[in-house]
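Asker: Here you go, query.txt (compact mmCIF, C-alpha atoms and all ligand atoms):
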# COMPACT_ATOMS: atom_id res chain seq x y z
CA MET N 48 138.04 18.51 55.51
CA ASP N 49 137.01 20.88 58.22
CA THR N 50 133.29 21.33 57.79
CA SER N 51 132.84 23.55 60.81
CA ALA N 52 133.51 26.59 58.65
CA ILE N 53 130.53 25.91 56.35
CA ASP N 54 127.49 27.97 57.19
CA VAL N 55 124.62 25.46 57.17
CA ARG N 56 121.89 28.09 57.52
CA PRO N 57 121.29 28.60 53.74
CA THR N 58 121.11 24.79 53.27
CA ALA N 59 118.62 24.39 56.13
CA PHE N 60 116.59 27.26 54.72
CA PHE N 61 116.64 25.67 51.26
CA MET N 62 115.63 22.23 52.60
CA THR N 63 112.75 23.73 54.58
CA GLY N 64 111.56 25.46 51.39
CA VAL N 65 111.72 22.18 49.47
CA ALA N 66 109.78 20.38 52.20
CA VAL N 67 107.06 23.06 52.35
CA GLY N 68 106.83 23.13 48.53
CA ALA N 69 106.63 19.35 48.24
CA THR N 70 103.97 19.16 50.95
CA SER N 71 101.88 21.84 49.21
CA LEU N 72 102.21 20.09 45.87
CA TYR N 73 101.20 16.77 47.45
CA LEU N 74 98.17 18.35 49.13
CA LEU N 75 97.16 19.90 45.79
CA TRP N 76 97.79 16.70 43.82
CA ARG N 77 96.15 14.25 46.21
CA PRO N 78 92.49 15.16 45.53
CA ARG N 79 93.18 15.34 41.77
CA ALA N 80 94.83 11.92 41.83
CA ALA N 81 91.91 10.54 43.81
CA ALA N 82 89.47 12.03 41.28
CA ALA N 83 91.46 10.69 38.33
CA ALA N 84 91.65 7.18 39.73
CA PRO N 85 88.30 5.98 41.09
CA PRO N 86 88.39 3.18 43.67
CA ALA N 87 88.52 -0.31 42.16
CA ALA N 88 85.17 -1.14 43.77
CA ASP N 89 83.51 1.74 41.87
CA VAL N 90 84.99 0.65 38.53
CA SER N 91 83.91 -2.90 39.28
CA LEU N 92 80.32 -1.85 40.11
CA VAL N 93 79.92 0.18 36.90
CA LEU N 94 81.44 -2.50 34.65
CA SER N 95 79.42 -5.26 36.32
CA ALA N 96 76.27 -3.24 35.70
CA ALA N 97 77.24 -2.82 32.02
CA ALA N 98 77.83 -6.56 31.63
CA TYR N 99 74.55 -7.38 33.44
CA ALA N 100 72.57 -4.96 31.24
CA ALA N 101 74.21 -6.34 28.07
CA ILE N 102 72.95 -9.83 28.95
CA ALA N 103 69.49 -8.61 30.01
CA HIS N 104 68.99 -6.66 26.74
CA ARG N 105 70.77 -9.23 24.54
CA ALA N 106 67.74 -9.99 22.38
CA GLN N 107 66.63 -6.36 21.88
CA LYS N 108 67.44 -3.77 19.25
CA ARG N 109 66.89 -0.01 19.09
CA LYS N 110 63.87 1.06 17.04
CA HIS N 111 65.76 3.32 14.63
CA ALA N 112 66.74 2.25 11.11
CA LEU N 113 70.23 1.15 12.19
CA GLN N 114 68.63 -1.48 14.49
CA SER N 115 71.65 -1.31 16.77
CA PRO N 116 71.82 -3.59 19.83
CA TYR N 117 69.67 -2.06 22.61
CA ILE N 118 72.63 -1.90 25.01
CA GLU N 119 73.82 1.09 22.97
CA HIS N 120 71.18 3.18 24.82
CA PRO N 121 72.05 2.32 28.47
CA LEU N 122 75.76 2.67 27.65
CA GLY N 123 75.07 6.00 25.96
CA VAL N 124 73.04 7.27 28.94
CA ALA N 125 75.85 6.37 31.37
CA ALA N 126 78.44 7.99 29.06
CA LEU N 127 76.41 11.23 28.92
CA LEU N 128 76.36 11.35 32.73
CA ALA N 129 80.13 10.78 32.87
CA GLU N 130 80.73 13.48 30.22
CA ALA N 131 78.70 15.94 32.30
CA GLY N 132 80.94 15.22 35.29
CA PHE N 133 79.08 12.54 37.26
CA THR N 134 81.55 10.23 39.03
CA ASP N 135 79.18 8.59 41.52
CA ALA N 136 79.37 4.85 40.78
CA PRO N 137 75.82 3.89 41.92
CA THR N 138 74.35 6.60 39.64
CA LEU N 139 76.44 5.42 36.66
CA ALA N 140 75.54 1.78 37.41
CA ALA N 141 71.84 2.67 37.66
CA ALA N 142 72.11 4.42 34.28
CA MET N 143 73.43 1.19 32.76
CA LEU N 144 70.55 -0.75 34.33
CA HIS N 145 67.77 1.83 33.95
CA ASP N 146 65.68 -0.13 31.40
CA THR N 147 66.30 -3.66 32.70
CA VAL N 148 63.22 -3.90 34.93
CA GLU N 149 61.01 -1.98 32.50
CA ASP N 150 61.95 -3.87 29.35
CA THR N 151 63.41 -7.28 30.32
CA ALA N 152 62.69 -10.20 32.66
CA VAL N 153 64.95 -8.72 35.39
CA SER N 154 62.99 -8.01 38.60
CA PRO N 155 63.56 -5.30 41.23
CA ALA N 156 64.54 -8.11 43.64
CA ASP N 157 67.20 -9.35 41.18
CA LEU N 158 68.76 -5.88 41.06
CA HIS N 159 68.56 -5.49 44.84
CA ALA N 160 70.31 -8.84 45.35
CA THR N 161 73.04 -8.17 42.79
CA PHE N 162 73.70 -4.43 43.12
CA GLY N 163 72.24 -3.48 46.51
CA PRO N 164 69.53 -1.07 47.64
CA VAL N 165 71.02 2.21 46.33
CA VAL N 166 71.37 1.14 42.69
CA ALA N 167 68.07 -0.82 42.77
CA GLY N 168 66.35 2.21 44.33
CA ILE N 169 67.48 4.61 41.57
CA VAL N 170 66.38 2.13 38.88
CA ALA N 171 62.99 1.72 40.59
CA GLU N 172 62.50 5.50 40.50
CA VAL N 173 63.04 5.69 36.72
CA THR N 174 61.05 2.54 35.86
CA ASP N 175 57.66 2.95 34.17
CA ASP N 176 54.78 0.72 35.23
CA LYS N 177 54.21 -1.20 31.99
CA ALA N 178 50.87 -2.47 33.35
CA LEU N 179 49.46 1.05 32.85
CA PRO N 180 47.99 2.12 29.50
CA LYS N 181 50.52 4.13 27.45
CA ALA N 182 48.93 7.56 28.06
CA ALA N 183 48.81 6.99 31.84
CA ARG N 184 52.40 5.74 31.81
CA LYS N 185 53.59 8.86 29.97
CA ALA N 186 51.58 11.11 32.34
CA ALA N 187 53.08 9.31 35.35
CA GLN N 188 56.63 10.12 34.19
CA VAL N 189 55.72 13.82 34.08
CA ALA N 190 53.99 13.66 37.47
CA HIS N 191 56.77 11.74 39.28
CA ALA N 192 59.76 13.71 37.95
CA PRO N 193 59.66 16.61 40.48
CA THR N 194 59.69 14.31 43.51
CA ALA N 195 62.46 12.00 42.28
CA SER N 196 65.86 11.93 43.98
CA ASP N 197 68.73 13.91 42.44
CA ALA N 198 70.29 10.69 41.13
CA ALA N 199 67.03 9.56 39.51
CA LYS N 200 66.49 13.02 37.97
CA ALA N 201 70.02 12.90 36.53
CA VAL N 202 69.46 9.44 34.99
CA LYS N 203 66.11 10.57 33.59
CA LEU N 204 67.69 13.71 32.05
CA ALA N 205 70.49 11.67 30.45
CA ASP N 206 67.88 9.16 29.19
CA LYS N 207 65.92 11.95 27.50
CA LEU N 208 69.13 13.55 26.16
CA HIS N 209 70.13 10.27 24.55
CA ASN N 210 66.72 9.53 23.01
CA LEU N 211 66.22 13.10 21.73
CA THR N 212 69.73 13.21 20.22
CA ASP N 213 68.94 9.87 18.60
CA LEU N 214 65.74 11.33 17.11
CA CYS N 215 67.73 14.19 15.54
CA GLY N 216 69.75 11.57 13.67
CA GLY N 217 66.69 9.62 12.47
CA PRO N 218 63.38 8.47 13.98
CA PRO N 219 62.41 4.95 14.99
CA VAL N 220 61.10 3.08 11.96
CA GLY N 221 57.51 4.10 11.23
CA TRP N 222 57.49 7.34 13.26
CA SER N 223 55.84 10.34 11.59
CA ALA N 224 57.07 13.93 12.01
CA ASP N 225 54.07 14.56 14.30
CA ARG N 226 55.03 11.66 16.51
CA VAL N 227 58.57 13.05 16.77
CA ARG N 228 57.17 16.48 17.72
CA GLU N 229 54.92 14.85 20.34
CA TYR N 230 57.90 12.97 21.80
CA PHE N 231 59.88 16.23 22.06
CA ALA N 232 56.92 18.03 23.69
CA TRP N 233 56.35 15.25 26.22
CA SER N 234 60.09 15.00 26.98
CA ALA N 235 60.18 18.76 27.64
CA ARG N 236 57.51 18.27 30.32
CA VAL N 237 59.51 15.47 31.98
CA VAL N 238 62.65 17.63 31.81
CA ASP N 239 60.79 20.56 33.42
CA GLY N 240 60.01 18.28 36.35
CA CYS N 241 63.72 17.53 36.74
CA ARG N 242 64.99 21.14 36.72
CA SER N 243 65.30 21.24 40.52
CA VAL N 244 68.14 18.67 40.30
CA ARG N 245 71.16 19.80 42.35
CA GLY N 246 74.85 19.83 41.46
CA VAL N 247 77.25 21.32 38.92
CA ALA N 248 77.30 18.15 36.79
CA ALA N 249 73.50 18.02 36.75
CA GLN N 250 73.30 21.64 35.60
CA ALA N 251 75.79 20.85 32.79
CA LEU N 252 73.54 17.96 31.78
CA LEU N 253 70.42 20.18 31.85
CA SER N 254 72.12 22.67 29.57
CA ARG N 255 72.81 19.91 27.00
CA VAL N 256 69.19 18.72 27.28
CA ASP N 257 67.95 22.26 26.60
CA ASP N 258 70.20 22.43 23.52
CA VAL N 259 68.68 19.24 22.11
CA LEU N 260 65.10 20.23 23.02
CA ALA N 261 65.61 23.28 20.78
CA ARG N 262 66.19 20.91 17.83
CA ALA N 263 62.59 19.57 17.67
CA GLY N 264 61.98 21.22 14.27
CA GLU N 265 65.16 19.73 12.84
CA ALA N 266 64.18 16.24 14.08
CA ALA N 267 60.71 16.61 12.52
CA VAL N 268 62.29 17.51 9.15
CA VAL N 269 64.50 14.41 9.37
CA ALA N 270 61.39 12.34 10.18
CA GLU N 271 59.51 13.83 7.20
CA ALA N 272 62.36 12.83 4.88
CA ALA N 273 62.44 9.34 6.38
CA ALA N 274 58.64 9.05 6.04
CA LYS N 275 58.89 9.87 2.32
CA ALA N 276 61.37 7.04 1.92
CA ALA N 277 59.23 4.64 4.01
CA PRO N 278 55.63 5.71 4.94
CA PRO N 279 55.01 6.06 8.72
CA VAL N 280 53.01 3.51 10.69
CA GLU N 281 51.02 5.59 13.22
CA GLY N 282 51.14 4.13 16.75
CA GLY N 283 53.89 1.77 15.65
CA ALA N 284 54.84 -0.95 18.10
CA ALA N 285 57.25 -0.08 20.92
CA PRO N 286 59.81 -2.67 22.05
N1 LIG U 1 64.55 7.88 20.12
C1 LIG U 1 64.57 6.54 20.13
N2 LIG U 1 63.89 5.88 21.11
C2 LIG U 1 63.93 4.51 21.11
C3 LIG U 1 64.65 3.82 20.12
N3 LIG U 1 64.52 2.48 20.37
C4 LIG U 1 63.79 2.36 21.47
N4 LIG U 1 63.40 3.58 21.93
C5 LIG U 1 62.57 3.80 23.11
O1 LIG U 1 61.29 4.18 22.63
C6 LIG U 1 60.64 4.93 23.68
C7 LIG U 1 59.76 5.93 23.05
O2 LIG U 1 58.80 5.26 22.31
P1 LIG U 1 57.28 5.44 22.67
O3 LIG U 1 56.48 4.64 21.70
O4 LIG U 1 56.97 6.91 22.80
O5 LIG U 1 57.15 4.89 24.14
P2 LIG U 1 57.14 3.40 24.69
O6 LIG U 1 58.15 2.59 23.92
O7 LIG U 1 57.54 3.62 26.13
O8 LIG U 1 55.75 2.91 24.53
C8 LIG U 1 61.73 5.57 24.52
O9 LIG U 1 61.45 5.23 25.83
P3 LIG U 1 61.23 6.30 27.00
O10 LIG U 1 60.15 5.87 27.90
O11 LIG U 1 61.18 7.70 26.48
O12 LIG U 1 62.56 6.17 27.77
P4 LIG U 1 63.17 4.87 28.43
O13 LIG U 1 63.15 5.16 29.88
O14 LIG U 1 62.31 3.69 28.09
O15 LIG U 1 64.53 4.75 27.80
C9 LIG U 1 63.02 4.93 24.00
O16 LIG U 1 63.83 4.42 25.03
C10 LIG U 1 65.33 4.53 19.09
O17 LIG U 1 65.94 3.98 18.19
N5 LIG U 1 65.26 5.90 19.15
Any chance you could put this one into structure tokens?
Ligand SMILES: Nc1nc2c(ncn2[C@@H]2O[C@H](COP(=O)(O)OP(=O)(O)O)[C@@H](OP(=O)(O)OP(=O)(O)O)[C@H]2O)c(=O)[nH]1
Answerer:
Amino acid sequence: MDTSAIDVRPTAFFMTGVAVGATSLYLLWRPRAAAAAPPAADVSLVLSAAAYAAIAHRAQKRKHALQSPYIEHPLGVAALLAEAGFTDAPTLAAAMLHDTVEDTAVSPADLHATFGPVVAGIVAEVTDDKALPKAARKAAQVAHAPTASDAAKAVKLADKLHNLTDLCGGPPVGWSADRVREYFAWSARVVDGCRSVRGVAAQALLSRVDDVLARAGEAAVVAEAAAKAAPPVEGGAAP
């Protein structure tokens, strides 16, 4: 067949169009694909932190009536960050580990050795000094919040969001309605110190925290009902 008679210009034009289109699609898809599939090292860091926290908190339970395993809280805090749009692995890992130094035998040096300085640093920022009397410890959280890093502010906000949402479902055993109101009021002061946190995901988180802070009255009513069923123990023991 004599192909010399075929005009190749439309074909060349078509192929150039396909190439330009495919390149554009690839350039559009590539960042989305990267966002959808985090690097294996990030997944590994976050899951290792979850496993580490599960072992560290293995003997502890939440204080509410369900008495669920304590790890529910760190997992919940990390999940709230992810739902808000946080994808930074050290921040998610620190969320998983945020109560290990405060409430278990894990030391800052242990975390530094296992997870490195970034994760250990965020955890250190959100760790209360349990040697302080309770009132001083609570005041220190309010005082330190404004100067915390963005990552530490985000973990603190998710921590408060999880605990306050929990309180709306039912208070820790022995908490009176007044104690619930006090916890909401104190949390609002910590949250105010975190409002300078930067980033779209952090602002989404703040908006959810504000929604739950508005439910203080509802949580107090739930606590009143629970107190009628089982009388409150004022100043009840914390874990
Ligand atoms: N709402 C709720 N809180 C529970 C539950 N179980 C344990 N907690 C913990 O109780 C703390 C609040 O109790 P408080 O008596 O006010 O404080 P304390 O334990 O620090 O002395 C919260 O700590 P925090 O200092 O506010 O935060 P975190 O950094 O220790 O998590 C929260 O993590 C539960 O079932 N529901």
Asker: Looking at N:Ala248, N:Ala187, N:Ala83, N:Ala96, which one is nearest to Ala131 in chain N, with distances taken over all atoms listed in the file?
Answerer: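 For Ala131 in chain N, the nearest of the candidates is N:Ala248.
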Asker: Could you pull the residues within 9 Å of range 263-270 of chain N, counting only C-alpha atoms, minus those fewer than 5 positions along the same chain, as a PyMOL selection string?
Answerer: chain N and resi 211-212+214-219+222-228+231-232+275
Asker: Would you mind reading off the distance between CA of Glu271 in chain N and atom N1 of ligand LIG 1 (chain U), one decimal, in Å?
Answerer: 15.1 Å
Asker: Residues of chain N within 8 Å of ligand LIG 1 (chain U): nearest atom pair and distance (Å, one decimal) for each, counting all atoms listed in the file, sorted by chain and number, as a tab-separated table?
Answerer:
residue	atom	partner	partner_atom	distance
N:Lys108	CA	U:LIG1	N3	7.0
N:Arg109	CA	U:LIG1	N3	3.7
N:Lys110	CA	U:LIG1	N3	3.7
N:His111	CA	U:LIG1	O17	3.6
N:Ala112	CA	U:LIG1	O17	7.3
N:Leu113	CA	U:LIG1	O17	7.9
N:Gln114	CA	U:LIG1	O17	7.1
N:Ser115	CA	U:LIG1	O17	7.9
N:Tyr117	CA	U:LIG1	N3	7.2
N:His120	CA	U:LIG1	O15	7.5
N:Pro121	CA	U:LIG1	O15	7.9
N:His145	CA	U:LIG1	O13	7.0
N:Asp146	CA	U:LIG1	O13	6.1
N:Glu149	CA	U:LIG1	O14	7.3
N:Asp150	CA	U:LIG1	O14	7.7
N:Val173	CA	U:LIG1	O13	6.9
N:Thr174	CA	U:LIG1	O13	6.9
N:Asp175	CA	U:LIG1	O13	7.3
N:Lys181	CA	U:LIG1	O8	6.1
N:Arg184	CA	U:LIG1	O7	7.9
N:Lys185	CA	U:LIG1	O10	7.5
N:Lys203	CA	U:LIG1	O13	7.2
N:Asp206	CA	U:LIG1	O15	5.7
N:Lys207	CA	U:LIG1	O11	6.4
N:His209	CA	U:LIG1	N1	7.5
N:Asn210	CA	U:LIG1	N1	4.0
N:Leu211	CA	U:LIG1	N1	5.7
N:Thr212	CA	U:LIG1	N1	7.4
N:Asp213	CA	U:LIG1	N1	5.1
N:Leu214	CA	U:LIG1	N1	4.7
N:Gly217	CA	U:LIG1	N5	7.8
N:Pro218	CA	U:LIG1	N5	6.1
N:Pro219	CA	U:LIG1	O17	4.9
N:Val220	CA	U:LIG1	O17	7.9
N:Tyr230	CA	U:LIG1	O4	6.2
N:Ser234	CA	U:LIG1	O11	7.4
N:Gly282	CA	U:LIG1	O3	7.3
N:Gly283	CA	U:LIG1	O3	7.2
N:Ala284	CA	U:LIG1	O3	6.8
N:Ala285	CA	U:LIG1	O6	4.1
N:Pro286	CA	U:LIG1	O6	5.8
Asker: One decimal, Å: what's the distance from CA of Pro164 in chain N over to CA of Gly123 in chain N, could you say?
Answerer: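 So the two atoms, CA of Pro164 in chain N and CA of Gly123 in chain N, lie 23.5 Å apart.
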Asker: Nearest to His104 in chain N among N:Leu92, N:Ala186, N:Thr147, N:Ala84, with distances taken over all atoms listed in the file: which residue is it?
Answerer: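 Of N:Leu92, N:Ala186, N:Thr147, N:Ala84, the one nearest His104 in chain N, counting all atoms listed in the file, is N:Thr147.
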